[in-house]
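Source file: coords_8.txt; contents: compact mmCIF, C-alpha atoms and all ligand atoms.
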```
# COMPACT_ATOMS: atom_id res chain seq x y z
CA MET A 1 19.49 -3.21 17.50
CA THR A 2 16.11 -2.60 15.82
CA SER A 3 13.18 -3.52 18.07
CA ILE A 4 10.14 -5.33 16.74
CA ARG A 5 6.95 -5.27 18.76
CA ILE A 6 4.92 -8.49 18.92
CA THR A 7 1.31 -8.64 20.07
CA GLU A 8 0.24 -12.15 21.00
CA VAL A 9 -3.30 -12.70 19.70
CA GLY A 10 -3.54 -16.45 20.40
CA PRO A 11 -6.10 -16.23 23.23
CA ARG A 12 -8.45 -14.22 20.97
CA ASP A 13 -7.80 -14.94 17.29
CA GLY A 14 -6.32 -18.34 18.18
CA LEU A 15 -9.23 -19.62 20.24
CA GLN A 16 -12.29 -17.83 18.77
CA ASN A 17 -12.63 -20.46 16.05
CA GLU A 18 -12.43 -23.53 18.30
CA PRO A 19 -15.79 -25.28 18.03
CA ARG A 20 -15.76 -26.91 21.48
CA ARG A 21 -15.95 -24.87 24.65
CA ILE A 22 -12.52 -24.42 26.24
CA PRO A 23 -12.72 -24.18 30.05
CA THR A 24 -12.16 -20.66 31.37
CA ALA A 25 -9.41 -21.96 33.68
CA ALA A 26 -7.45 -23.27 30.67
CA LYS A 27 -7.69 -19.88 28.96
CA VAL A 28 -6.48 -18.16 32.13
CA GLU A 29 -3.54 -20.56 32.47
CA PHE A 30 -2.69 -20.02 28.78
CA ILE A 31 -2.65 -16.23 29.19
CA ASN A 32 -0.57 -16.47 32.38
CA ARG A 33 1.96 -18.59 30.50
CA LEU A 34 2.02 -16.05 27.67
CA SER A 35 2.53 -13.19 30.13
CA ALA A 36 5.66 -14.96 31.41
CA THR A 37 7.21 -15.05 27.91
CA GLY A 38 7.92 -11.30 27.92
CA VAL A 39 5.55 -10.52 25.05
CA CYS A 40 4.66 -6.83 25.31
CA GLU A 41 0.97 -7.12 24.52
CA ILE A 42 -1.68 -9.86 24.71
CA GLU A 43 -5.09 -9.73 23.02
CA VAL A 44 -6.96 -11.65 25.68
CA THR A 45 -10.53 -12.03 24.41
CA SER A 46 -13.51 -10.34 22.70
CA PHE A 47 -16.58 -8.56 24.00
CA VAL A 48 -18.56 -9.58 20.92
CA SER A 49 -21.98 -11.18 20.89
CA GLU A 50 -21.86 -14.64 22.46
CA ARG A 51 -24.31 -15.76 19.81
CA TRP A 52 -21.72 -14.91 17.14
CA VAL A 53 -18.64 -16.23 18.95
CA PRO A 54 -19.75 -18.56 21.76
CA GLN A 55 -16.16 -19.51 22.60
CA LEU A 56 -15.37 -16.06 24.03
CA GLY A 57 -18.54 -15.59 26.08
CA ASP A 58 -16.45 -15.80 29.26
CA ALA A 59 -14.45 -12.63 28.45
CA ALA A 60 -15.15 -10.91 31.78
CA GLU A 61 -14.35 -14.04 33.82
CA VAL A 62 -11.05 -14.52 31.97
CA LEU A 63 -10.01 -10.90 32.51
CA GLY A 64 -11.02 -11.16 36.15
CA SER A 65 -8.78 -14.17 36.77
CA ILE A 66 -5.47 -13.59 34.94
CA HIS A 67 -2.26 -12.49 36.63
CA ARG A 68 -1.13 -9.25 35.04
CA ARG A 69 2.57 -8.84 34.40
CA PRO A 70 3.58 -5.23 35.00
CA GLY A 71 4.36 -3.52 31.70
CA THR A 72 2.33 -5.94 29.57
CA ILE A 73 -0.65 -4.44 27.74
CA TYR A 74 -3.85 -6.49 27.95
CA SER A 75 -6.47 -5.84 25.27
CA ALA A 76 -9.79 -7.11 23.93
CA LEU A 77 -11.94 -6.74 20.82
CA VAL A 78 -15.03 -4.54 21.10
CA PRO A 79 -17.58 -4.34 18.24
CA ASN A 80 -20.16 -1.89 19.61
CA GLU A 81 -21.23 0.13 22.65
CA GLN A 82 -22.78 -2.93 24.28
CA GLY A 83 -19.38 -4.61 24.11
CA LEU A 84 -17.71 -1.49 25.47
CA ASP A 85 -20.11 -1.38 28.43
CA ARG A 86 -19.05 -4.95 29.26
CA ALA A 87 -15.36 -4.19 28.68
CA LEU A 88 -15.43 -1.15 30.96
CA GLU A 89 -16.53 -3.39 33.84
CA THR A 90 -13.19 -5.19 33.57
CA LYS A 91 -9.53 -4.22 33.86
CA LEU A 92 -8.15 -3.54 30.39
CA ASP A 93 -5.40 -1.33 28.98
CA LYS A 94 -6.60 -1.28 25.41
CA ILE A 95 -9.53 -2.16 23.17
CA ALA A 96 -9.64 -3.01 19.48
CA VAL A 97 -12.47 -1.99 17.18
CA PHE A 98 -12.66 -3.74 13.82
CA ILE A 99 -13.91 -2.95 10.36
CA SER A 100 -13.54 -4.58 6.96
CA ALA A 101 -12.11 -3.06 3.78
CA THR A 102 -14.87 -4.90 1.90
CA GLU A 103 -18.66 -4.94 2.13
CA GLY A 104 -18.88 -8.76 1.84
CA PHE A 105 -16.80 -9.47 4.93
CA SER A 106 -18.31 -6.52 6.79
CA GLN A 107 -21.78 -8.07 6.44
CA ARG A 108 -20.67 -11.60 7.29
CA ASN A 109 -18.50 -10.65 10.26
CA THR A 110 -20.41 -7.76 11.80
CA ASN A 111 -23.89 -7.81 10.26
CA GLY A 112 -23.53 -4.31 8.88
CA SER A 113 -22.14 -2.31 5.96
CA ILE A 114 -18.81 -0.51 6.25
CA SER A 115 -20.56 2.81 6.89
CA GLU A 116 -22.86 1.21 9.50
CA VAL A 117 -19.84 -0.23 11.29
CA LEU A 118 -18.06 3.15 11.17
CA ALA A 119 -21.11 4.71 12.81
CA ARG A 120 -21.19 1.91 15.40
CA ILE A 121 -17.54 2.26 16.40
CA THR A 122 -17.50 6.08 16.49
CA PRO A 123 -18.94 6.35 20.04
CA VAL A 124 -16.93 3.29 21.10
CA ILE A 125 -13.67 5.06 20.22
CA THR A 126 -14.74 8.33 21.87
CA ARG A 127 -15.87 6.66 25.08
CA ALA A 128 -12.85 4.34 25.25
CA ARG A 129 -10.49 7.31 24.89
CA ALA A 130 -12.39 9.17 27.60
CA ALA A 131 -11.81 6.13 29.84
CA ASN A 132 -8.06 6.37 29.11
CA LEU A 133 -7.97 3.18 27.08
CA ILE A 134 -5.64 2.84 24.10
CA VAL A 135 -7.64 2.13 20.93
CA ARG A 136 -6.52 -0.11 18.10
CA GLY A 137 -8.47 -0.04 14.85
CA TYR A 138 -8.30 -3.22 12.78
CA ILE A 139 -8.98 -3.19 9.05
CA SER A 140 -9.66 -6.71 7.77
CA CYS A 141 -9.23 -8.08 4.25
CA VAL A 142 -6.52 -5.57 3.30
CA ILE A 143 -5.25 -7.86 0.50
CA ARG A 144 -8.18 -10.08 -0.41
CA CYS A 145 -11.71 -10.80 0.79
CA PRO A 146 -13.18 -14.33 0.82
CA PHE A 147 -16.43 -12.88 -0.58
CA ASP A 148 -15.48 -9.83 -2.69
CA GLY A 149 -12.06 -10.91 -4.04
CA ALA A 150 -9.04 -8.64 -4.57
CA VAL A 151 -8.81 -5.44 -2.55
CA GLN A 152 -7.20 -2.24 -3.84
CA PRO A 153 -4.83 -0.38 -1.49
CA GLU A 154 -6.94 2.75 -2.08
CA GLN A 155 -9.87 1.11 -0.24
CA VAL A 156 -7.55 0.49 2.70
CA ARG A 157 -6.09 4.00 2.57
CA THR A 158 -9.55 5.56 2.81
CA LEU A 159 -10.37 3.51 5.90
CA CYS A 160 -6.99 4.31 7.50
CA ALA A 161 -7.83 8.02 7.13
CA GLN A 162 -11.33 7.48 8.60
CA LEU A 163 -10.04 5.50 11.59
CA ILE A 164 -7.35 8.11 12.29
CA ASP A 165 -9.99 10.87 12.11
CA LEU A 166 -12.13 8.93 14.58
CA GLY A 167 -9.22 8.90 17.04
CA VAL A 168 -7.68 5.41 17.03
CA HIS A 169 -4.12 5.32 18.38
CA GLU A 170 -3.03 2.50 16.12
CA VAL A 171 -4.14 1.05 12.78
CA ASP A 172 -3.81 -2.73 12.42
CA LEU A 173 -3.91 -4.15 8.89
CA GLY A 174 -5.33 -7.68 8.67
CA ASP A 175 -4.54 -10.14 5.90
CA THR A 176 -7.54 -12.08 7.16
CA ILE A 177 -7.28 -15.10 4.86
CA GLY A 178 -3.51 -15.11 4.47
CA SER A 179 -3.41 -14.34 0.77
CA ALA A 180 -0.52 -11.84 0.77
CA ASP A 181 2.87 -12.35 -0.78
CA PRO A 182 5.77 -9.90 -0.33
CA GLU A 183 4.87 -8.03 -3.55
CA ALA A 184 1.31 -7.50 -2.31
CA ILE A 185 2.72 -6.12 0.96
CA SER A 186 4.83 -3.62 -1.01
CA ARG A 187 1.80 -2.57 -3.11
CA LEU A 188 -0.33 -2.16 0.02
CA TYR A 189 2.18 0.13 1.76
CA ASP A 190 2.88 2.08 -1.46
CA GLY A 191 -0.85 2.72 -1.65
CA ILE A 192 -1.41 3.88 1.92
CA SER A 193 1.83 5.66 2.84
CA SER A 194 0.51 9.11 1.86
CA THR A 195 -1.97 8.71 4.74
CA ILE A 196 -0.14 6.61 7.31
CA ALA A 197 3.55 5.80 7.77
CA PRO A 198 4.41 2.09 7.79
CA GLY A 199 5.92 2.53 11.26
CA ALA A 200 2.53 3.67 12.59
CA THR A 201 0.80 0.45 11.51
CA THR A 202 0.64 -3.05 12.93
CA LEU A 203 0.51 -5.94 10.49
CA HIS A 204 -1.73 -8.93 11.23
CA LEU A 205 -0.76 -11.84 9.00
CA HIS A 206 -2.57 -15.14 8.72
CA ASP A 207 -0.41 -17.90 7.35
CA THR A 208 -2.48 -19.83 4.77
CA GLN A 209 0.23 -20.16 2.18
CA GLY A 210 3.19 -20.30 4.55
CA ARG A 211 4.27 -16.87 3.31
CA ALA A 212 3.54 -14.85 6.45
CA ILE A 213 7.16 -14.65 7.61
CA ALA A 214 8.35 -13.61 4.13
CA CYS A 215 5.62 -10.95 4.13
CA ALA A 216 6.66 -9.74 7.58
CA MET A 217 10.30 -9.47 6.51
CA ARG A 218 9.26 -7.38 3.49
CA ALA A 219 7.17 -5.18 5.78
CA ILE A 220 10.18 -4.68 8.08
CA ASP A 221 12.23 -3.56 5.04
CA ILE A 222 9.44 -1.03 4.35
CA GLY A 223 9.52 0.28 7.95
CA VAL A 224 6.80 -1.69 9.81
CA ARG A 225 7.87 -2.43 13.41
CA SER A 226 4.75 -3.98 14.98
CA PHE A 227 3.19 -7.37 14.23
CA ASP A 228 0.51 -9.68 15.58
CA ALA A 229 1.20 -13.39 15.97
CA SER A 230 -0.33 -16.43 17.63
CA VAL A 231 1.66 -19.14 19.43
CA GLY A 232 1.57 -22.46 17.66
CA GLY A 233 -0.10 -20.70 14.71
CA LEU A 234 -3.43 -21.20 16.46
CA GLY A 235 -6.61 -19.81 15.04
CA GLY A 236 -8.66 -18.33 12.24
CA CYS A 237 -11.83 -16.34 11.84
CA PRO A 238 -15.19 -18.17 12.03
CA TYR A 239 -16.64 -15.72 9.47
CA ALA A 240 -13.78 -15.95 6.93
CA PRO A 241 -13.92 -19.35 5.22
CA GLY A 242 -10.43 -20.80 4.82
CA ALA A 243 -8.79 -18.41 7.28
CA PRO A 244 -5.99 -20.31 9.01
CA GLY A 245 -4.09 -19.30 12.13
CA ASN A 246 -1.86 -16.28 12.45
CA VAL A 247 1.87 -16.49 11.89
CA ALA A 248 3.31 -18.61 14.75
CA THR A 249 4.82 -16.30 17.38
CA GLU A 250 7.72 -18.57 18.34
CA GLU A 251 8.75 -19.15 14.72
CA PHE A 252 8.52 -15.45 13.96
CA ALA A 253 10.51 -14.54 17.09
CA GLN A 254 13.22 -17.06 16.20
CA THR A 255 13.49 -15.71 12.65
CA LEU A 256 13.73 -12.15 13.96
CA ALA A 257 16.42 -13.10 16.51
CA ALA A 258 18.43 -14.90 13.81
CA ARG A 259 18.33 -11.74 11.70
CA GLY A 260 19.48 -9.52 14.55
CA PHE A 261 16.18 -7.95 15.62
CA GLU A 262 15.25 -7.44 19.28
CA THR A 263 11.80 -8.63 20.44
CA GLY A 264 12.23 -9.07 24.20
CA VAL A 265 10.42 -12.42 24.09
CA ASP A 266 11.56 -15.86 25.16
CA ALA A 267 10.89 -17.93 22.02
CA HIS A 268 11.36 -21.20 23.94
CA ALA A 269 8.74 -20.22 26.54
CA LEU A 270 6.41 -19.16 23.73
CA ALA A 271 6.77 -22.53 22.02
CA GLU A 272 6.06 -24.24 25.38
CA ALA A 273 2.92 -22.13 25.88
CA GLY A 274 1.74 -23.02 22.36
CA ARG A 275 2.42 -26.73 22.94
CA TRP A 276 0.57 -26.59 26.26
CA MET A 277 -2.52 -25.01 24.64
CA ARG A 278 -2.49 -27.49 21.75
CA GLN A 279 -2.42 -30.33 24.32
CA GLN A 280 -5.42 -28.80 26.08
CA LEU A 281 -7.29 -28.58 22.76
CA ALA A 282 -6.37 -32.16 21.81
CA GLY A 283 -7.35 -33.48 25.27
CA HIS A 284 -10.53 -31.52 25.09
CA SER A 285 -11.42 -32.99 21.66
CA ALA A 286 -10.66 -36.50 22.87
CA ALA A 287 -12.83 -35.99 25.96
CA SER A 288 -15.81 -34.44 24.14
P1 LIG B 1 -26.11 -8.24 15.58
O1 LIG B 1 -26.75 -9.59 15.67
O2 LIG B 1 -26.42 -7.38 14.40
O3 LIG B 1 -26.33 -7.41 16.94
O4 LIG B 1 -24.53 -8.47 15.67
P2 LIG B 1 -27.61 -6.75 17.56
O5 LIG B 1 -27.21 -5.41 18.05
O6 LIG B 1 -28.78 -6.85 16.62
O7 LIG B 1 -27.91 -7.69 18.82
C1 LIG B 1 -28.32 -9.04 18.66
C2 LIG B 1 -28.11 -9.79 19.97
O8 LIG B 1 -26.72 -9.81 20.30
C3 LIG B 1 -28.80 -9.11 21.15
O9 LIG B 1 -29.14 -10.16 22.04
C4 LIG B 1 -27.73 -8.28 21.76
O10 LIG B 1 -27.93 -8.07 23.15
C5 LIG B 1 -26.51 -9.16 21.56
P3 LIG B 1 -30.67 -10.62 22.23
O11 LIG B 1 -31.38 -9.40 22.78
O12 LIG B 1 -31.18 -11.00 20.86
O13 LIG B 1 -30.56 -11.77 23.20
N1 LIG B 1 -25.26 -8.38 21.48
C6 LIG B 1 -24.23 -8.52 22.32
N2 LIG B 1 -24.04 -9.32 23.39
C7 LIG B 1 -22.87 -9.19 24.03
N3 LIG B 1 -21.88 -8.34 23.65
C8 LIG B 1 -22.03 -7.54 22.60
C9 LIG B 1 -23.26 -7.61 21.89
N4 LIG B 1 -23.72 -6.96 20.80
C10 LIG B 1 -24.95 -7.44 20.56
N5 LIG B 1 -21.05 -6.72 22.23
C11 LIG B 1 -22.32 -7.80 16.21
C12 LIG B 1 -23.61 -7.42 15.53
C13 LIG B 1 -21.22 -6.84 15.77
C14 LIG B 1 -22.53 -7.71 17.73
C15 LIG B 1 -21.97 -9.26 15.83
O14 LIG B 1 -21.92 -9.34 14.44
C16 LIG B 1 -20.66 -9.71 16.39
O15 LIG B 1 -20.51 -9.89 17.59
N6 LIG B 1 -19.66 -9.94 15.50
C17 LIG B 1 -18.32 -10.30 15.91
C18 LIG B 1 -17.79 -11.41 15.04
C19 LIG B 1 -16.39 -11.72 15.46
O16 LIG B 1 -16.04 -11.65 16.63
N7 LIG B 1 -15.56 -12.08 14.47
C20 LIG B 1 -14.19 -12.42 14.73
C21 LIG B 1 -13.36 -11.24 15.14
S1 LIG B 1 -12.81 -10.21 13.78
C22 LIG B 1 -11.47 -11.06 13.15
O17 LIG B 1 -11.21 -12.19 13.52
C23 LIG B 1 -10.54 -10.32 12.23
C24 LIG B 1 -9.24 -9.86 12.93
O18 LIG B 1 -8.55 -10.96 13.49
C25 LIG B 1 -8.32 -9.15 11.92
C26 LIG B 1 -8.09 -9.97 10.63
O19 LIG B 1 -7.64 -11.12 10.70
O20 LIG B 1 -8.40 -9.40 9.59
C27 LIG B 1 -9.55 -8.85 14.05
MG MG B 2 -7.26 -12.32 12.42
```

Written form, structure tokens:
Amino acid sequence: MTSIRITEVGPRDGLQNEPRRIPTAAKVEFINRLSATGVCEIEVTSFVSERWVPQLGDAAEVLGSIHRRPGTIYSALVPNEQGLDRALETKLDKIAVFISATEGFSQRNTNGSISEVLARITPVITRARAANLIVRGYISCVIRCPFDGAVQPEQVRTLCAQLIDLGVHEVDLGDTIGSADPEAISRLYDGISSTIAPGATTLHLHDTQGRAIACAMRAIDIGVRSFDASVGGLGGCPYAPGAPGNVATEEFAQTLAARGFETGVDAHALAEAGRWMRQQLAGHSAAS
């Protein structure tokens, strides 16, 4: 049976866009529920500036309170050395640096040009590796940018090569605003495969048009074996107008199981965890 790796990004990508403060205890409970689903990796939070993403200002407290399931990888986003200093005070297996394929999103999301962000993350990657952390390198807007429009695969290929040179262990390709269709996925991988094999990438699909699962299935045909997803389809990026949640983990897991792929996750428990978090968000809205 072919195995597909799923990283649950709900606690980070799913919650970062929520306007009202979610209690730390609810985040911890959410992550503990996700750990029990058998998902192999959870992106827990971000060590970004609290001014930019107030929702995740409690990153250290969350990481200090969760129950870790042996074998699960726990990770967090890190934008700069200041974020890494904070991350290194906590218990993490992996960090994720992030960069955009386009200048427009780079400025809006990280207040810097692509080359400035490359310079910023260079010492982060070196120091994280020295601390024995696994390093993921996200590239956002691999299909389309909300500010700069269509993106050519060549732009993405160049950044893949730069991230690999800098020492990331994994390249994660983000369709930040969910504009891909299966043909765009084929074009993307045709354009980058001279630099990175599909099987060495993770695909991060947002589900604006309801095409994320079709895109993922095309990617699997091409050789991709690792995907990000968010239970209940929670989320979106505060700096990408119109970005919806990621592909829903439970729906994706069910589709994969029906097509004979192995994921190791309990889709029912995932759906329960997603429902539980949605109830917390609804209760929270009603109470605020
Ligand atoms: P900046 O304002 O240029 O930073 O932001 P700065 O270095 O000038 O510092 C300004 C203030 O922020 C200072 O505080 C710093 O201490 C503080 P002050 O002295 O004024 O009180 N600061 C920090 N505080 C805590 N932790 C830090 C940190 N860094 C600075 N790490 C920066 C630059 C990159 C920090 C900012 O733009 C930022 O945090 N951006 C992150 C935005 C974000 O999290 N976006 C969502 C995640 S990316 C995403 O969703 C896409 C993805 O899902 C893939 C996809 O879908 O494509 C991954
Ligand atoms: Mg995202």

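Considering only C-alpha atoms and all ligand atoms, every residue of the polymer chains approaching ligand MG 2 (chain B) to 9 Å or closer is listed here: Val9, Arg12, Asp13, Gly14, Ser140, Gly174, Asp175, Thr176, Ile177, His204, Leu205, His206, Asp228, Gly235, Gly236, Cys237, Ala243, Pro244, Gly245 and Asn246 of chain A.
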
For Leu281 of chain A, the nearest of the candidates A:Glu8, A:Asp58, A:Asp148, A:Glu18, counting only C-alpha atoms: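 Of the candidates, the smallest distance to Leu281 of chain A is held by A:Glu18.
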
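Omitting Ile185 of chain A and its sequence neighbours fewer than 6 positions away, and counting all atoms listed in the file, the residues within 10 Å are Val142, Ile143, Pro153, Asp175, Gly191, Leu203, Ala214, Cys215, Ala216, Met217, Arg218, Ala219 and Ile222 of chain A.
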
Near-Ile6 of chain A list (8 Å; only C-alpha atoms; drop same-chain fewer than 4 positions) as a ChimeraX atom specification: /A:39-41,226-229,249,263

Mind giving me the axis-aligned box for ligand LIG 1 (chain B) with 5 Å on every side, centre plus edges in Å to one decimal, as lines of an AutoDock Vina configuration file?
```
center_x = -19.5
center_y = -8.9
center_z = 16.8
size_x = 33.7
size_y = 17.0
size_z = 24.4
```

Point (-11.4, -11.0, 31.3), cut-off 10 Å, counting all atoms listed in the file, residues as JSON, numbers by chain: {"A": [24, 27, 28, 44, 45, 46, 47, 56, 57, 58, 59, 60, 61, 62, 63, 64, 65, 66, 74, 75, 76, 86, 87, 89, 90, 91, 92]}

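Here atom CA of Gly210 of chain A stands at a distance of 17.6 Å from atom C25 of ligand LIG 1 (chain B).
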
Atom CA of Leu77 of chain A to atom O12 of ligand LIG 1 (chain B), straight-line distance in Å: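 Those two atoms sit 19.7 Å apart.
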
Top pick for closest residue to Ala36 of chain A, considering A:Phe105, A:Thr2, A:Thr72, A:Arg275 and counting all atoms listed in the file: A:Thr72
